[in-house]
Structures are given as C-alpha cells and as structure tokens.
Amino acid sequence: MQKKVFQLLVDNTSGVLSRISGLFSRRGYNIESITAGVTADPRFTRITIVASGDDEILEQIEKQVAKLVDVRDVKELKPGESVYRELVLIKVRANMEQRQGIITVADSFRAKIIDFASESLMIELTGDQQKIDAFISLMEDYGILELARTGIAGLGRGTEHITYIEQ
C-alpha cells in the first residue's frame, strides 16, 4: 500500500464534495485525508485528497475522479515537486509545573499557544505530517485531552503546473 496526494480543481457547486467522496465509497477506495476550500476565483474549489492503495487502484482513482462532471482538473502532487502542510490543534493537560516544559517544546516546533486555561493549554501547529506526528508524540507525555487535524493541503512548486480556466 502506498499513498498519493491528488489535487482537484472543481466547480464550486453544492454537493460536489459529496459526489467525489461518494465515488470513493462506491468503489471501496480509502481516503486518508481530504481538505477543500474556495480558490482565488470563487467559481472554483481546490480539493486535496490523500488516497492509499496499490498502483492500479491509485491509477483508477485518478481516472474515475477526472470523469466526474464538476471536476475541471486532477493532478498528482508529487513529494519533491510540491509543498504539503497540515494544521493541528492540540489541547494538553498542563498544571503550573508542566507549563514551561510544554511551552519550550512548542517553541522548538514553532507552534503557538492559543489558549491558556487553569489545567490545560491549547497549541496550534502547522507543518508536514512528520513534524505534526513528532510533536503529537512529545505531547502524549503530558496527556492529550483533545486533538483536531485538518488533513493535508498542498500546491505544486513553481508556475509550470498551474491550471488556468477561461471565463
């Protein structure tokens, strides 16, 4: 099993995300993560999907998604040619004695403390999956109370792979 990151440019219409996820569901394909958001042009939404499977399955995913009516463009975001980021919010148990240690670890990862409570801290961190996983692993020692991850968002490097859609 391997993973691929697909970037879809789709019409910004109601139900488009449901139709795409439905295709995965009907075919029994696995979605590791999915993120979506409107682009600079409000007519379009950019969806980033991380899917897993063997080469044949991943090739079929790309072909099947490209056939959907609302899909304007499908690209694979290859690791060396793209930038991936993920956001995580983590609420950790933090009494007064633990706070400085947590803040020191957060600072070393360039994370931000975004909420202080009497018994907890909430931390925001962006980065690649390895950075996020390493930070979560360190925070487990303090006691993770809650955690929310966005999934990967990504773009290809440079300007040669930009899709332009005429009016």
# chains A, B, ... in the order shown; residues from 1 in each chain; ligands from 1
>>> residues_around(residues="segment 162-164 of chain A", least_positions_apart="2", cutoff="10 Å", atoms="only C-alpha atoms", output="PyMOL selection string")
chain A and resi 9+72-75+155-160+166-167
>>> select_by_dssp(residues="segment 49-103 of chain A", states="strand (DSSP E or B)", output="list in words")
Ile49, Val50, Ala51, Ser52, Gly53, Val71, Arg72, Asp73, Val74, Lys75, Glu76, Ser82, Val83, Tyr84, Arg85, Glu86, Leu87, Val88, Leu89, Ile90, Lys91, Val92 and Arg93 of chain A
>>> write_last_selection(atoms="N, CA, C and O atoms", output="PDB file, in the first residue's frame")
ATOM      1  N   ILE A  49      -6.804  15.468  -1.800  1.00  0.00           N
ATOM      2  CA  ILE A  49      -7.160  14.138  -1.303  1.00  0.00           C
ATOM      3  C   ILE A  49      -5.897  13.300  -1.188  1.00  0.00           C
ATOM      4  O   ILE A  49      -5.118  13.214  -2.140  1.00  0.00           O
ATOM      5  N   VAL A  50      -5.706  12.688  -0.034  1.00  0.00           N
ATOM      6  CA  VAL A  50      -4.649  11.697   0.140  1.00  0.00           C
ATOM      7  C   VAL A  50      -5.341  10.344   0.124  1.00  0.00           C
ATOM      8  O   VAL A  50      -6.227  10.078   0.938  1.00  0.00           O
ATOM      9  N   ALA A  51      -4.960   9.517  -0.844  1.00  0.00           N
ATOM     10  CA  ALA A  51      -5.571   8.200  -1.004  1.00  0.00           C
ATOM     11  C   ALA A  51      -4.493   7.138  -0.896  1.00  0.00           C
ATOM     12  O   ALA A  51      -3.322   7.385  -1.182  1.00  0.00           O
ATOM     13  N   SER A  52      -4.896   5.941  -0.487  1.00  0.00           N
ATOM     14  CA  SER A  52      -3.938   4.843  -0.371  1.00  0.00           C
ATOM     15  C   SER A  52      -4.432   3.642  -1.160  1.00  0.00           C
ATOM     16  O   SER A  52      -5.631   3.444  -1.349  1.00  0.00           O
ATOM     17  N   GLY A  53      -3.479   2.859  -1.630  1.00  0.00           N
ATOM     18  CA  GLY A  53      -3.782   1.656  -2.390  1.00  0.00           C
ATOM     19  C   GLY A  53      -2.563   1.227  -3.179  1.00  0.00           C
ATOM     20  O   GLY A  53      -1.511   1.858  -3.098  1.00  0.00           O
ATOM     21  N   VAL A  71     -15.479  18.132 -12.004  1.00  0.00           N
ATOM     22  CA  VAL A  71     -14.020  18.155 -11.890  1.00  0.00           C
ATOM     23  C   VAL A  71     -13.417  18.777 -13.143  1.00  0.00           C
ATOM     24  O   VAL A  71     -13.626  18.302 -14.258  1.00  0.00           O
ATOM     25  N   ARG A  72     -12.659  19.863 -12.958  1.00  0.00           N
ATOM     26  CA  ARG A  72     -12.022  20.571 -14.066  1.00  0.00           C
ATOM     27  C   ARG A  72     -10.597  20.084 -14.306  1.00  0.00           C
ATOM     28  O   ARG A  72     -10.114  20.108 -15.423  1.00  0.00           O
ATOM     29  N   ASP A  73      -9.903  19.669 -13.232  1.00  0.00           N
ATOM     30  CA  ASP A  73      -8.502  19.263 -13.362  1.00  0.00           C
ATOM     31  C   ASP A  73      -8.135  18.351 -12.199  1.00  0.00           C
ATOM     32  O   ASP A  73      -8.593  18.564 -11.076  1.00  0.00           O
ATOM     33  N   VAL A  74      -7.309  17.353 -12.475  1.00  0.00           N
ATOM     34  CA  VAL A  74      -6.779  16.447 -11.449  1.00  0.00           C
ATOM     35  C   VAL A  74      -5.274  16.350 -11.658  1.00  0.00           C
ATOM     36  O   VAL A  74      -4.819  16.111 -12.778  1.00  0.00           O
ATOM     37  N   LYS A  75      -4.527  16.558 -10.583  1.00  0.00           N
ATOM     38  CA  LYS A  75      -3.072  16.426 -10.640  1.00  0.00           C
ATOM     39  C   LYS A  75      -2.609  15.611  -9.447  1.00  0.00           C
ATOM     40  O   LYS A  75      -3.191  15.694  -8.362  1.00  0.00           O
ATOM     41  N   GLU A  76      -1.537  14.863  -9.646  1.00  0.00           N
ATOM     42  CA  GLU A  76      -0.865  14.238  -8.512  1.00  0.00           C
ATOM     43  C   GLU A  76       0.159  15.238  -8.003  1.00  0.00           C
ATOM     44  O   GLU A  76       0.939  15.796  -8.778  1.00  0.00           O
ATOM     45  N   SER A  82       6.192  19.375  -4.752  1.00  0.00           N
ATOM     46  CA  SER A  82       5.050  20.017  -4.105  1.00  0.00           C
ATOM     47  C   SER A  82       5.375  20.378  -2.664  1.00  0.00           C
ATOM     48  O   SER A  82       6.336  19.888  -2.088  1.00  0.00           O
ATOM     49  N   VAL A  83       4.518  21.228  -2.111  1.00  0.00           N
ATOM     50  CA  VAL A  83       4.602  21.584  -0.692  1.00  0.00           C
ATOM     51  C   VAL A  83       3.298  21.155  -0.042  1.00  0.00           C
ATOM     52  O   VAL A  83       2.218  21.483  -0.528  1.00  0.00           O
ATOM     53  N   TYR A  84       3.412  20.384   1.047  1.00  0.00           N
ATOM     54  CA  TYR A  84       2.250  19.929   1.808  1.00  0.00           C
ATOM     55  C   TYR A  84       2.305  20.557   3.199  1.00  0.00           C
ATOM     56  O   TYR A  84       3.366  20.645   3.803  1.00  0.00           O
ATOM     57  N   ARG A  85       1.147  20.922   3.693  1.00  0.00           N
ATOM     58  CA  ARG A  85       1.045  21.412   5.063  1.00  0.00           C
ATOM     59  C   ARG A  85      -0.233  20.874   5.687  1.00  0.00           C
ATOM     60  O   ARG A  85      -1.221  20.625   5.015  1.00  0.00           O
ATOM     61  N   GLU A  86      -0.176  20.768   7.010  1.00  0.00           N
ATOM     62  CA  GLU A  86      -1.328  20.336   7.785  1.00  0.00           C
ATOM     63  C   GLU A  86      -1.383  21.204   9.030  1.00  0.00           C
ATOM     64  O   GLU A  86      -0.354  21.668   9.525  1.00  0.00           O
ATOM     65  N   LEU A  87      -2.568  21.433   9.534  1.00  0.00           N
ATOM     66  CA  LEU A  87      -2.780  22.179  10.769  1.00  0.00           C
ATOM     67  C   LEU A  87      -3.278  21.219  11.830  1.00  0.00           C
ATOM     68  O   LEU A  87      -4.109  20.356  11.538  1.00  0.00           O
ATOM     69  N   VAL A  88      -2.770  21.373  13.042  1.00  0.00           N
ATOM     70  CA  VAL A  88      -3.276  20.590  14.171  1.00  0.00           C
ATOM     71  C   VAL A  88      -3.514  21.532  15.350  1.00  0.00           C
ATOM     72  O   VAL A  88      -2.744  22.473  15.573  1.00  0.00           O
ATOM     73  N   LEU A  89      -4.605  21.313  16.033  1.00  0.00           N
ATOM     74  CA  LEU A  89      -4.895  21.971  17.316  1.00  0.00           C
ATOM     75  C   LEU A  89      -4.855  20.878  18.373  1.00  0.00           C
ATOM     76  O   LEU A  89      -5.523  19.847  18.216  1.00  0.00           O
ATOM     77  N   ILE A  90      -4.075  21.097  19.424  1.00  0.00           N
ATOM     78  CA  ILE A  90      -3.921  20.101  20.482  1.00  0.00           C
ATOM     79  C   ILE A  90      -4.173  20.761  21.832  1.00  0.00           C
ATOM     80  O   ILE A  90      -3.575  21.784  22.146  1.00  0.00           O
ATOM     81  N   LYS A  91      -5.059  20.151  22.598  1.00  0.00           N
ATOM     82  CA  LYS A  91      -5.279  20.600  23.974  1.00  0.00           C
ATOM     83  C   LYS A  91      -4.596  19.580  24.883  1.00  0.00           C
ATOM     84  O   LYS A  91      -4.907  18.387  24.835  1.00  0.00           O
ATOM     85  N   VAL A  92      -3.625  20.040  25.685  1.00  0.00           N
ATOM     86  CA  VAL A  92      -2.883  19.141  26.568  1.00  0.00           C
ATOM     87  C   VAL A  92      -3.099  19.531  28.027  1.00  0.00           C
ATOM     88  O   VAL A  92      -3.309  20.697  28.348  1.00  0.00           O
ATOM     89  N   ARG A  93      -3.045  18.515  28.858  1.00  0.00           N
ATOM     90  CA  ARG A  93      -3.129  18.736  30.294  1.00  0.00           C
ATOM     91  C   ARG A  93      -1.872  19.499  30.709  1.00  0.00           C
ATOM     92  O   ARG A  93      -0.762  19.147  30.312  1.00  0.00           O
TER      93      ARG A  93
END
>>> residues_around(residues="Thr126 of chain A", least_positions_apart="2", cutoff="12 Å", atoms="only C-alpha atoms", output="PyMOL selection string")
chain A and resi 84-90+106+109-112+123-124+128-133+135-136+148-153
>>> write_last_selection(atoms="N, CA and C atoms", output="PDB file, in the first residue's frame")
ATOM      1  N   TYR A  84       3.412  20.384   1.047  1.00  0.00           N
ATOM      2  CA  TYR A  84       2.250  19.929   1.808  1.00  0.00           C
ATOM      3  C   TYR A  84       2.305  20.557   3.199  1.00  0.00           C
ATOM      4  N   ARG A  85       1.147  20.922   3.693  1.00  0.00           N
ATOM      5  CA  ARG A  85       1.045  21.412   5.063  1.00  0.00           C
ATOM      6  C   ARG A  85      -0.233  20.874   5.687  1.00  0.00           C
ATOM      7  N   GLU A  86      -0.176  20.768   7.010  1.00  0.00           N
ATOM      8  CA  GLU A  86      -1.328  20.336   7.785  1.00  0.00           C
ATOM      9  C   GLU A  86      -1.383  21.204   9.030  1.00  0.00           C
ATOM     10  N   LEU A  87      -2.568  21.433   9.534  1.00  0.00           N
ATOM     11  CA  LEU A  87      -2.780  22.179  10.769  1.00  0.00           C
ATOM     12  C   LEU A  87      -3.278  21.219  11.830  1.00  0.00           C
ATOM     13  N   VAL A  88      -2.770  21.373  13.042  1.00  0.00           N
ATOM     14  CA  VAL A  88      -3.276  20.590  14.171  1.00  0.00           C
ATOM     15  C   VAL A  88      -3.514  21.532  15.350  1.00  0.00           C
ATOM     16  N   LEU A  89      -4.605  21.313  16.033  1.00  0.00           N
ATOM     17  CA  LEU A  89      -4.895  21.971  17.316  1.00  0.00           C
ATOM     18  C   LEU A  89      -4.855  20.878  18.373  1.00  0.00           C
ATOM     19  N   ILE A  90      -4.075  21.097  19.424  1.00  0.00           N
ATOM     20  CA  ILE A  90      -3.921  20.101  20.482  1.00  0.00           C
ATOM     21  C   ILE A  90      -4.173  20.761  21.832  1.00  0.00           C
ATOM     22  N   ALA A 106       6.858  23.527  22.445  1.00  0.00           N
ATOM     23  CA  ALA A 106       6.075  24.226  21.423  1.00  0.00           C
ATOM     24  C   ALA A 106       6.945  25.240  20.684  1.00  0.00           C
ATOM     25  N   PHE A 109       9.180  23.794  18.038  1.00  0.00           N
ATOM     26  CA  PHE A 109       8.460  23.378  16.829  1.00  0.00           C
ATOM     27  C   PHE A 109       7.809  24.568  16.112  1.00  0.00           C
ATOM     28  N   ARG A 110       8.039  25.771  16.628  1.00  0.00           N
ATOM     29  CA  ARG A 110       7.407  26.995  16.109  1.00  0.00           C
ATOM     30  C   ARG A 110       5.885  26.927  16.203  1.00  0.00           C
ATOM     31  N   ALA A 111       5.403  26.297  17.242  1.00  0.00           N
ATOM     32  CA  ALA A 111       3.968  26.207  17.495  1.00  0.00           C
ATOM     33  C   ALA A 111       3.543  27.423  18.314  1.00  0.00           C
ATOM     34  N   LYS A 112       2.251  27.697  18.336  1.00  0.00           N
ATOM     35  CA  LYS A 112       1.706  28.833  19.087  1.00  0.00           C
ATOM     36  C   LYS A 112       0.790  28.318  20.182  1.00  0.00           C
ATOM     37  N   ILE A 123      -2.620  24.329  21.731  1.00  0.00           N
ATOM     38  CA  ILE A 123      -1.480  24.652  20.882  1.00  0.00           C
ATOM     39  C   ILE A 123      -1.876  24.491  19.431  1.00  0.00           C
ATOM     40  N   GLU A 124      -1.404  25.417  18.603  1.00  0.00           N
ATOM     41  CA  GLU A 124      -1.623  25.373  17.154  1.00  0.00           C
ATOM     42  C   GLU A 124      -0.282  25.145  16.478  1.00  0.00           C
ATOM     43  N   ASP A 128       4.559  19.694   7.934  1.00  0.00           N
ATOM     44  CA  ASP A 128       4.313  18.448   7.217  1.00  0.00           C
ATOM     45  C   ASP A 128       3.907  17.364   8.213  1.00  0.00           C
ATOM     46  N   GLN A 129       3.465  16.234   7.697  1.00  0.00           N
ATOM     47  CA  GLN A 129       2.932  15.182   8.567  1.00  0.00           C
ATOM     48  C   GLN A 129       3.960  14.665   9.568  1.00  0.00           C
ATOM     49  N   GLN A 130       5.220  14.570   9.162  1.00  0.00           N
ATOM     50  CA  GLN A 130       6.249  14.068  10.070  1.00  0.00           C
ATOM     51  C   GLN A 130       6.439  15.016  11.262  1.00  0.00           C
ATOM     52  N   LYS A 131       6.425  16.304  10.992  1.00  0.00           N
ATOM     53  CA  LYS A 131       6.564  17.295  12.068  1.00  0.00           C
ATOM     54  C   LYS A 131       5.373  17.211  13.019  1.00  0.00           C
ATOM     55  N   ILE A 132       4.175  17.132  12.461  1.00  0.00           N
ATOM     56  CA  ILE A 132       2.963  17.039  13.283  1.00  0.00           C
ATOM     57  C   ILE A 132       3.005  15.769  14.139  1.00  0.00           C
ATOM     58  N   ASP A 133       3.353  14.637  13.518  1.00  0.00           N
ATOM     59  CA  ASP A 133       3.413  13.363  14.248  1.00  0.00           C
ATOM     60  C   ASP A 133       4.442  13.412  15.369  1.00  0.00           C
ATOM     61  N   PHE A 135       5.501  16.072  17.008  1.00  0.00           N
ATOM     62  CA  PHE A 135       5.003  16.943  18.066  1.00  0.00           C
ATOM     63  C   PHE A 135       3.936  16.240  18.902  1.00  0.00           C
ATOM     64  N   ILE A 136       3.024  15.557  18.241  1.00  0.00           N
ATOM     65  CA  ILE A 136       1.975  14.823  18.961  1.00  0.00           C
ATOM     66  C   ILE A 136       2.603  13.782  19.879  1.00  0.00           C
ATOM     67  N   ALA A 148      -7.366  17.967  17.030  1.00  0.00           N
ATOM     68  CA  ALA A 148      -8.050  18.108  15.738  1.00  0.00           C
ATOM     69  C   ALA A 148      -7.000  18.361  14.666  1.00  0.00           C
ATOM     70  N   ARG A 149      -7.027  17.521  13.614  1.00  0.00           N
ATOM     71  CA  ARG A 149      -6.108  17.674  12.475  1.00  0.00           C
ATOM     72  C   ARG A 149      -6.919  18.005  11.229  1.00  0.00           C
ATOM     73  N   THR A 150      -6.363  18.874  10.392  1.00  0.00           N
ATOM     74  CA  THR A 150      -7.094  19.283   9.195  1.00  0.00           C
ATOM     75  C   THR A 150      -6.930  18.323   8.033  1.00  0.00           C
ATOM     76  N   GLY A 151      -5.865  17.576   7.974  1.00  0.00           N
ATOM     77  CA  GLY A 151      -5.519  16.838   6.763  1.00  0.00           C
ATOM     78  C   GLY A 151      -4.629  17.715   5.905  1.00  0.00           C
ATOM     79  N   ILE A 152      -4.059  17.136   4.878  1.00  0.00           N
ATOM     80  CA  ILE A 152      -3.065  17.825   4.055  1.00  0.00           C
ATOM     81  C   ILE A 152      -3.718  18.804   3.087  1.00  0.00           C
ATOM     82  N   ALA A 153      -3.112  19.973   2.980  1.00  0.00           N
ATOM     83  CA  ALA A 153      -3.374  20.899   1.885  1.00  0.00           C
ATOM     84  C   ALA A 153      -2.046  21.027   1.148  1.00  0.00           C
TER      85      ALA A 153
END
>>> residues_around(residues="Phe24 of chain A", least_positions_apart="3", cutoff="12 Å", atoms="only C-alpha atoms", output="PyMOL selection string")
chain A and resi 17-21+27-32+34+49-53+57-58+60-62+64-65+68
>>> atom_distance(atom1="atom CA of Asn12 of chain A", atom2="atom CA of Asp70 of chain A")
8.2 Å
>>> select_by_dssp(residues="segment 3-167 of chain A", states="alpha helix (DSSP H)", output="PyMOL selection string")
chain A and resi 16-27+55-67+99-108+129-139
>>> write_last_selection(atoms="C-alpha atoms", output="compact mmCIF listing (two decimals), in the first residue's frame")
# COMPACT_ATOMS: atom_id res chain seq x y z
CA VAL A 16 -19.51 18.48 -5.29
CA LEU A 17 -17.66 17.14 -2.24
CA SER A 18 -20.42 14.61 -1.65
CA ARG A 19 -20.19 13.36 -5.24
CA ILE A 20 -16.42 12.97 -5.00
CA SER A 21 -16.48 11.19 -1.64
CA GLY A 22 -19.37 9.04 -2.91
CA LEU A 23 -17.20 7.82 -5.78
CA PHE A 24 -14.59 6.68 -3.26
CA SER A 25 -17.24 5.00 -1.14
CA ARG A 26 -18.93 3.18 -4.05
CA ARG A 27 -15.63 1.84 -5.34
CA ASP A 55 -0.52 1.34 -8.17
CA GLU A 56 -3.54 0.00 -10.04
CA ILE A 57 -6.04 1.34 -7.51
CA LEU A 58 -4.38 4.77 -7.37
CA GLU A 59 -4.39 4.99 -11.17
CA GLN A 60 -8.09 4.06 -11.21
CA ILE A 61 -8.85 6.71 -8.58
CA GLU A 62 -7.25 9.40 -10.72
CA LYS A 63 -9.12 8.28 -13.86
CA GLN A 64 -12.51 7.92 -12.13
CA VAL A 65 -12.29 11.28 -10.37
CA ALA A 66 -11.33 13.00 -13.63
CA LYS A 67 -14.55 11.70 -15.24
CA ARG A 99 3.62 24.68 31.52
CA GLN A 100 7.19 25.80 30.95
CA GLY A 101 8.20 22.40 29.57
CA ILE A 102 5.24 22.39 27.17
CA ILE A 103 5.97 25.96 26.07
CA THR A 104 9.63 25.08 25.46
CA VAL A 105 8.68 22.11 23.25
CA ALA A 106 6.08 24.23 21.42
CA ASP A 107 8.62 26.97 20.78
CA SER A 108 11.13 24.50 19.35
CA GLN A 129 2.93 15.18 8.57
CA GLN A 130 6.25 14.07 10.07
CA LYS A 131 6.56 17.30 12.07
CA ILE A 132 2.96 17.04 13.28
CA ASP A 133 3.41 13.36 14.25
CA ALA A 134 6.65 14.11 16.13
CA PHE A 135 5.00 16.94 18.07
CA ILE A 136 1.97 14.82 18.96
CA SER A 137 4.29 12.08 20.19
CA LEU A 138 6.02 14.52 22.55
CA MET A 139 2.71 15.93 23.80
>>> closest_residue(among="A:Gly154, A:His161, A:Asp54, A:Ile144", to="Ser33 of chain A", atoms="only C-alpha atoms")
A:Gly154
>>> atom_distance(atom1="atom CA of Lys3 of chain A", atom2="atom CA of Thr45 of chain A")
22.4 Å
>>> atom_distance(atom1="atom CA of Asp41 of chain A", atom2="atom CA of Phe6 of chain A")
19.8 Å
>>> closest_residue(among="A:Ala94, A:Ile114, A:Leu8, A:Leu77", to="Ile47 of chain A", atoms="only C-alpha atoms")
A:Leu8
